[in-house]
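Trainee: Right, I'll just put the structure down here and ask away after.
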Amino acid sequence: MNQLIRGYMYTFDSNNRTMFSISVLLLTLVFLNSRLLISAETIVTCDGFVLHLSCDSGVISVQSATFGRTSSKICSVGQPQGQTSNTQCSMDVPAVSKLCDGLRECELNTQGLAAKDPCFGTYKYYTINYICIQAETSVTCHGGYSYLKCENGKIQINTANYGRTDKITCSEGRPSSELQSSKCYSPNALAPVSKSCNGLESCEVFATDRVFTDPCFGTYKYLAISYFCLPPGIRSSMVCEHEENDLNCEDGTAIQIHSANYGRTDSNTCSTGRPASQLAKTDCYALNSQTIVTNGCEGKNRCSILASNSVFSDPCIGTFKYLYISYSCVSKC
């Protein structure tokens, strides 16, 4: 494993407000093979300023995003002591994952990004942990077919969105009125793309609102997909909420985790006997899923993870969830 630690700090003072942005490259490692390179970064941005995530190589995958204050030092310059003394303030911000996952670069205005204020009277900041996955990408304008292919291995969909997140992509020949909405997201894009492509060497997906519904009427949309090619030998394991997910490898081999999610991405899995209200939300992801599963299972011959809110926290209250894990068994060195 190659490891590199690097850090930098940038401050900008304007009208007695300070933008404090920290980026720390925690580690770089080869994951499965040289095509799946992962780097991990942490970004801290003061409330009211622009949050910027980027990957020099690969695409963004947000692991955690919080809003609040856990230190009296960060984002404190120019702020009265009364607004920085509360360090027991933090809440999850799932919108960051929704807006940035699968992109090479993502800029978000933090003003109003969090759904609510977790501690009134405290000056807060955003802390984002994300990794860069060396994924393949595909962008197809409305009405076209997206063709995905793995020369060696099987397709595993990382992100999918049918909508519009900028004014440049698929803009040629379109009137400006059809390009203005840059926060257009289809709530159900991942499920049909995953169903059509996961586990295959190649697939095609029709970029149309007949497949994904229309998330923003009057806007010219496109289908953006990021995916990676899993090498042969990938196994998968899925259990419903409250059950144990057991991973096992043969003697002399160890578990290597490729992906994990505690949540819900379709309405059919673990649906027996459940009311429709508990199955309707299909964009439910616990951002800490892969970290928890990797920490609990990576390198072991066998392990067991409970699919429970007590382990992963609850990413979507009122939804009945399940834990899906993909992994392989590799020789112990």
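In the structure tokens, chains take letters A, B, ... by order of appearance, with residues numbered from 1 within each chain and ligands from 1 in the order shown.
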If you count only C-alpha atoms, which residues fall within 8 Å of region 197-210 of chain A, apart from same-chain ones fewer than 3 positions away, as a tab-separated table (two decimals) with C-alpha atoms, in the first residue's frame?
Mentor:
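Final file, selection15.tsv:
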```tsv
chain	number	residue	atom	x	y	z
A	140	THR	CA	-25.88	10.79	-22.99
A	141	CYS	CA	-28.19	13.58	-24.13
A	142	HIS	CA	-31.96	13.13	-23.94
A	143	GLY	CA	-33.26	10.70	-26.53
A	144	GLY	CA	-29.99	8.82	-26.96
A	145	TYR	CA	-28.74	5.47	-25.70
A	146	SER	CA	-26.02	5.19	-23.09
A	147	TYR	CA	-23.68	2.28	-23.87
A	148	LEU	CA	-21.63	0.90	-20.98
A	149	LYS	CA	-18.97	-1.75	-21.43
A	150	CYS	CA	-16.28	-3.52	-19.41
A	151	GLU	CA	-13.48	-5.13	-21.39
A	152	ASN	CA	-12.46	-7.24	-18.40
A	153	GLY	CA	-14.93	-7.72	-15.58
A	154	LYS	CA	-18.52	-6.88	-14.73
A	155	ILE	CA	-20.31	-3.53	-14.54
A	156	GLN	CA	-21.05	-2.06	-11.11
A	157	ILE	CA	-23.04	1.19	-11.25
A	162	TYR	CA	-31.19	11.89	-15.43
A	193	VAL	CA	-29.69	1.74	-14.44
A	194	SER	CA	-28.41	-0.71	-11.82
A	213	THR	CA	-39.82	10.31	-15.25
A	214	ASP	CA	-39.31	14.04	-15.83
A	222	TYR	CA	-29.06	14.19	-20.05
A	223	LEU	CA	-28.20	10.88	-18.42
```
Trainee: Might you pull out every residue within 12 Å of region 289-297 of chain A, with only C-alpha atoms counted and same-chain residues fewer than 5 positions away left off, and present them as a PyMOL selection string?
Mentor: chain A and resi 40+61-64+129-131+245-249+254-263+284+302-315+322-329
Trainee: Kindly export the residues of the current selection with N, CA and C atoms, as a short mmCIF file (atom, residue, chain, number, x, y, z; two decimals), in the first residue's frame.
Mentor:
```
data_model
loop_
_atom_site.label_atom_id
_atom_site.label_comp_id
_atom_site.auth_asym_id
_atom_site.auth_seq_id
_atom_site.Cartn_x
_atom_site.Cartn_y
_atom_site.Cartn_z
N ALA A 40 -8.49 9.67 -0.49
CA ALA A 40 -9.47 10.16 0.48
C ALA A 40 -9.11 11.58 0.88
N SER A 61 -17.00 10.40 -4.47
CA SER A 61 -17.93 9.57 -3.70
C SER A 61 -17.89 10.06 -2.26
N VAL A 62 -18.94 10.78 -1.84
CA VAL A 62 -18.98 11.36 -0.50
C VAL A 62 -19.20 10.27 0.53
N GLN A 63 -18.33 10.23 1.54
CA GLN A 63 -18.43 9.24 2.61
C GLN A 63 -19.18 9.78 3.82
N SER A 64 -19.02 11.06 4.10
CA SER A 64 -19.76 11.69 5.19
C SER A 64 -19.79 13.19 4.96
N ASN A 129 -16.04 14.45 4.06
CA ASN A 129 -15.06 13.40 3.77
C ASN A 129 -15.49 12.69 2.49
N TYR A 130 -14.58 12.63 1.53
CA TYR A 130 -14.94 11.97 0.28
C TYR A 130 -13.73 11.24 -0.29
N ILE A 131 -14.03 10.29 -1.15
CA ILE A 131 -12.98 9.55 -1.84
C ILE A 131 -13.12 9.76 -3.34
N ASN A 245 -25.48 -10.03 8.23
CA ASN A 245 -24.91 -10.29 6.91
C ASN A 245 -23.58 -11.00 7.12
N ASP A 246 -23.53 -12.28 6.75
CA ASP A 246 -22.33 -13.11 6.97
C ASP A 246 -21.53 -13.22 5.68
N LEU A 247 -20.25 -12.85 5.74
CA LEU A 247 -19.34 -12.99 4.61
C LEU A 247 -18.34 -14.09 4.93
N ASN A 248 -18.08 -14.96 3.96
CA ASN A 248 -17.18 -16.09 4.19
C ASN A 248 -16.26 -16.29 3.01
N CYS A 249 -15.01 -16.61 3.30
CA CYS A 249 -14.02 -16.94 2.27
C CYS A 249 -13.39 -18.30 2.57
N ALA A 254 -8.73 -14.05 2.09
CA ALA A 254 -9.26 -13.00 2.97
C ALA A 254 -10.27 -12.15 2.22
N ILE A 255 -11.18 -11.56 2.96
CA ILE A 255 -12.24 -10.72 2.40
C ILE A 255 -11.67 -9.39 1.92
N GLN A 256 -12.09 -8.98 0.73
CA GLN A 256 -11.79 -7.64 0.23
C GLN A 256 -13.11 -6.99 -0.19
N ILE A 257 -13.47 -5.89 0.47
CA ILE A 257 -14.75 -5.22 0.23
C ILE A 257 -14.66 -4.32 -0.99
N HIS A 258 -15.66 -4.41 -1.86
CA HIS A 258 -15.71 -3.55 -3.05
C HIS A 258 -16.76 -2.44 -2.91
N SER A 259 -17.92 -2.78 -2.38
CA SER A 259 -18.95 -1.78 -2.19
C SER A 259 -19.91 -2.24 -1.11
N ALA A 260 -20.59 -1.28 -0.49
CA ALA A 260 -21.56 -1.60 0.55
C ALA A 260 -22.55 -0.46 0.69
N ASN A 261 -23.80 -0.81 0.93
CA ASN A 261 -24.80 0.22 1.23
C ASN A 261 -25.87 -0.33 2.16
N TYR A 262 -26.12 0.43 3.22
CA TYR A 262 -27.25 0.16 4.10
C TYR A 262 -28.29 1.22 3.78
N GLY A 263 -29.40 0.79 3.22
CA GLY A 263 -30.44 1.73 2.80
C GLY A 263 -31.43 1.04 1.89
N CYS A 284 -31.90 5.90 -0.86
CA CYS A 284 -31.53 5.89 0.55
C CYS A 284 -30.16 5.26 0.73
N ARG A 302 -13.66 -14.53 7.62
CA ARG A 302 -15.12 -14.47 7.72
C ARG A 302 -15.49 -13.35 8.69
N CYS A 303 -16.70 -12.82 8.52
CA CYS A 303 -17.16 -11.76 9.41
C CYS A 303 -18.67 -11.68 9.36
N SER A 304 -19.24 -10.93 10.29
CA SER A 304 -20.69 -10.76 10.36
C SER A 304 -20.99 -9.32 10.70
N ILE A 305 -21.90 -8.70 9.93
CA ILE A 305 -22.31 -7.31 10.15
C ILE A 305 -23.82 -7.26 10.29
N LEU A 306 -24.31 -6.63 11.36
CA LEU A 306 -25.74 -6.50 11.58
C LEU A 306 -26.31 -5.35 10.75
N ALA A 307 -27.35 -5.63 9.99
CA ALA A 307 -28.03 -4.59 9.20
C ALA A 307 -28.99 -3.85 10.12
N SER A 308 -28.49 -2.80 10.73
CA SER A 308 -29.27 -2.13 11.77
C SER A 308 -28.93 -0.65 11.86
N ASN A 309 -29.92 0.16 12.26
CA ASN A 309 -29.67 1.58 12.48
C ASN A 309 -28.65 1.80 13.59
N SER A 310 -28.57 0.87 14.53
CA SER A 310 -27.62 1.01 15.63
C SER A 310 -26.18 0.89 15.15
N VAL A 311 -25.98 0.27 14.00
CA VAL A 311 -24.64 0.12 13.43
C VAL A 311 -24.33 1.24 12.45
N PHE A 312 -25.27 1.57 11.57
CA PHE A 312 -25.02 2.51 10.48
C PHE A 312 -25.68 3.88 10.69
N SER A 313 -26.53 4.02 11.70
CA SER A 313 -27.44 5.15 11.87
C SER A 313 -28.57 5.00 10.86
N ASP A 314 -29.58 5.86 10.92
CA ASP A 314 -30.75 5.72 10.05
C ASP A 314 -30.71 6.74 8.93
N PRO A 315 -30.39 6.32 7.69
CA PRO A 315 -30.28 7.27 6.58
C PRO A 315 -31.63 7.74 6.02
N TYR A 322 -32.09 -2.45 3.82
CA TYR A 322 -31.34 -3.69 3.70
C TYR A 322 -29.87 -3.36 3.51
N LEU A 323 -29.03 -4.34 3.78
CA LEU A 323 -27.58 -4.16 3.65
C LEU A 323 -27.07 -5.00 2.49
N TYR A 324 -26.53 -4.32 1.48
CA TYR A 324 -25.95 -5.00 0.31
C TYR A 324 -24.44 -4.82 0.34
N ILE A 325 -23.72 -5.91 0.14
CA ILE A 325 -22.25 -5.88 0.13
C ILE A 325 -21.74 -6.66 -1.07
N SER A 326 -20.78 -6.10 -1.79
CA SER A 326 -20.06 -6.86 -2.81
C SER A 326 -18.61 -7.01 -2.34
N TYR A 327 -18.06 -8.20 -2.52
CA TYR A 327 -16.71 -8.48 -2.02
C TYR A 327 -16.08 -9.60 -2.82
N SER A 328 -14.80 -9.80 -2.62
CA SER A 328 -14.11 -10.93 -3.23
C SER A 328 -13.20 -11.55 -2.19
N CYS A 329 -12.71 -12.74 -2.48
CA CYS A 329 -11.79 -13.44 -1.60
C CYS A 329 -10.42 -13.47 -2.27
#
```
Trainee: May I ask which of the residues A:Leu53, A:Cys75, A:Cys89, A:Cys270 is the closest one to Glu105 (chain A), counting only C-alpha atoms?
Mentor: A:Leu53
Trainee: As a list in words, please: the residues near Asn188 (chain A) (cut-off 7 Å, only C-alpha atoms, same-chain neighbours under 3 positions excluded).
Mentor: Ala191, Phe212, Thr282 and Asp283 of chain A
Trainee: Output N, CA and C atoms of each residue in that selection to a file, as a CSV table (one decimal), in the first residue's frame.
Mentor:
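Dumped everything to out.csv:
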```csv
chain,number,residue,atom,x,y,z
A,191,ALA,N,-31.9,3.1,-9.6
A,191,ALA,CA,-32.5,1.8,-9.6
A,191,ALA,C,-32.6,1.2,-11.0
A,212,PHE,N,-37.2,7.3,-16.7
A,212,PHE,CA,-36.8,8.0,-15.4
A,212,PHE,C,-37.8,9.0,-14.9
A,282,THR,N,-36.3,5.2,-2.8
A,282,THR,CA,-35.3,4.4,-3.4
A,282,THR,C,-34.0,5.1,-3.6
A,283,ASP,N,-33.8,6.2,-2.9
A,283,ASP,CA,-32.5,6.8,-3.0
A,283,ASP,C,-31.9,7.0,-1.6
```
Trainee: Rank A:Arg274, A:Lys183, A:Arg164, A:Arg174 by their smallest atom-to-atom distance to Leu108 (chain A), using only C-alpha atoms, and report the top residue only.
Mentor: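 Counting only C-alpha atoms, the residue closest to Leu108 (chain A) is A:Lys183.
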Trainee: Report as a ChimeraX atom specification: the residues of region 43-181 of chain A with a DSSP assignment of strand (DSSP E or B), based on the backbone of this structure.
Mentor: /A:43-46,50-54,59-69,89-92,105-109,125-133,136-141,145-149,154-164
Trainee: Would you kindly return, as JSON, numbers by chain, each protein, DNA or RNA residue with an atom no farther than 6 Å from any atom of Glu136 (chain A), considering only C-alpha atoms and excluding same-chain residues fewer than 3 positions away?
Mentor: {"A": [226, 227, 228]}
Trainee: Could you please write out, as number ranges by chain, every residue of region 103-333 of chain A that DSSP assigns to helix (DSSP H, G or I)?
Mentor: A: 176-178, 190-197, 209-212, 276-278, 289-297, 309-312
Trainee: Quick one: write out the picked residues with N, CA and C atoms as a short mmCIF file (atom, residue, chain, number, x, y, z; two decimals), in the first residue's frame?
Mentor:
```cif
data_model
loop_
_atom_site.label_atom_id
_atom_site.label_comp_id
_atom_site.auth_asym_id
_atom_site.auth_seq_id
_atom_site.Cartn_x
_atom_site.Cartn_y
_atom_site.Cartn_z
N SER A 176 -31.54 28.91 -24.53
CA SER A 176 -31.06 29.12 -23.16
C SER A 176 -32.12 28.80 -22.12
N SER A 177 -33.39 28.94 -22.48
CA SER A 177 -34.47 28.66 -21.54
C SER A 177 -34.50 27.19 -21.11
N GLU A 178 -33.94 26.30 -21.93
CA GLU A 178 -33.92 24.88 -21.61
C GLU A 178 -32.69 24.46 -20.82
N LEU A 190 -30.97 5.74 -10.24
CA LEU A 190 -30.02 4.67 -9.94
C LEU A 190 -30.64 3.28 -10.08
N ALA A 191 -31.87 3.12 -9.63
CA ALA A 191 -32.49 1.79 -9.63
C ALA A 191 -32.61 1.18 -11.03
N PRO A 192 -33.20 1.87 -12.03
CA PRO A 192 -33.31 1.23 -13.35
C PRO A 192 -31.97 1.02 -14.04
N VAL A 193 -31.01 1.93 -13.82
CA VAL A 193 -29.69 1.74 -14.44
C VAL A 193 -28.98 0.54 -13.82
N SER A 194 -29.04 0.44 -12.49
CA SER A 194 -28.41 -0.71 -11.82
C SER A 194 -29.06 -2.02 -12.24
N LYS A 195 -30.38 -2.02 -12.33
CA LYS A 195 -31.10 -3.23 -12.72
C LYS A 195 -30.73 -3.66 -14.14
N SER A 196 -30.52 -2.70 -15.02
CA SER A 196 -30.22 -3.01 -16.42
C SER A 196 -28.76 -3.41 -16.64
N CYS A 197 -27.85 -2.97 -15.75
CA CYS A 197 -26.43 -3.10 -16.06
C CYS A 197 -25.58 -3.88 -15.06
N ASP A 209 -37.46 10.42 -20.39
CA ASP A 209 -38.34 10.51 -19.22
C ASP A 209 -39.34 9.37 -19.16
N ARG A 210 -39.43 8.57 -20.22
CA ARG A 210 -40.28 7.39 -20.16
C ARG A 210 -39.67 6.31 -19.27
N VAL A 211 -38.37 6.39 -19.06
CA VAL A 211 -37.67 5.46 -18.17
C VAL A 211 -37.51 6.06 -16.78
N PHE A 212 -37.18 7.35 -16.71
CA PHE A 212 -36.79 7.97 -15.44
C PHE A 212 -37.81 8.96 -14.88
N ALA A 276 -46.43 -0.08 1.45
CA ALA A 276 -45.80 0.69 0.37
C ALA A 276 -45.05 1.90 0.88
N SER A 277 -45.51 2.49 1.97
CA SER A 277 -44.86 3.68 2.51
C SER A 277 -43.43 3.41 2.98
N GLN A 278 -43.12 2.15 3.32
CA GLN A 278 -41.78 1.80 3.78
C GLN A 278 -40.85 1.41 2.62
N SER A 289 -21.54 3.41 5.13
CA SER A 289 -21.69 1.97 4.91
C SER A 289 -20.37 1.28 4.59
N GLN A 290 -19.67 1.80 3.57
CA GLN A 290 -18.46 1.12 3.14
C GLN A 290 -17.37 1.19 4.20
N THR A 291 -17.27 2.32 4.89
CA THR A 291 -16.26 2.45 5.94
C THR A 291 -16.48 1.44 7.05
N ILE A 292 -17.73 1.30 7.51
CA ILE A 292 -18.04 0.38 8.60
C ILE A 292 -17.82 -1.07 8.19
N VAL A 293 -18.29 -1.43 6.99
CA VAL A 293 -18.13 -2.81 6.54
C VAL A 293 -16.65 -3.13 6.30
N THR A 294 -15.92 -2.20 5.70
CA THR A 294 -14.49 -2.42 5.46
C THR A 294 -13.74 -2.60 6.77
N ASN A 295 -14.01 -1.72 7.74
CA ASN A 295 -13.33 -1.82 9.03
C ASN A 295 -13.65 -3.12 9.75
N GLY A 296 -14.87 -3.62 9.55
CA GLY A 296 -15.28 -4.83 10.26
C GLY A 296 -14.89 -6.13 9.58
N CYS A 297 -14.64 -6.07 8.26
CA CYS A 297 -14.46 -7.33 7.52
C CYS A 297 -13.18 -7.45 6.71
N ASN A 309 -29.92 0.16 12.26
CA ASN A 309 -29.67 1.58 12.48
C ASN A 309 -28.65 1.80 13.59
N SER A 310 -28.57 0.87 14.53
CA SER A 310 -27.62 1.01 15.63
C SER A 310 -26.18 0.89 15.15
N VAL A 311 -25.98 0.27 14.00
CA VAL A 311 -24.64 0.12 13.43
C VAL A 311 -24.33 1.24 12.45
N PHE A 312 -25.27 1.57 11.57
CA PHE A 312 -25.02 2.51 10.48
C PHE A 312 -25.68 3.88 10.69
#
```
Trainee: Could you please determine the separation between CA of Phe120 (chain A) and CA of Ile43 (chain A) in Å, to one decimal place?
Mentor: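 We find that CA of Phe120 (chain A) and CA of Ile43 (chain A) lie 23.0 Å from each other.
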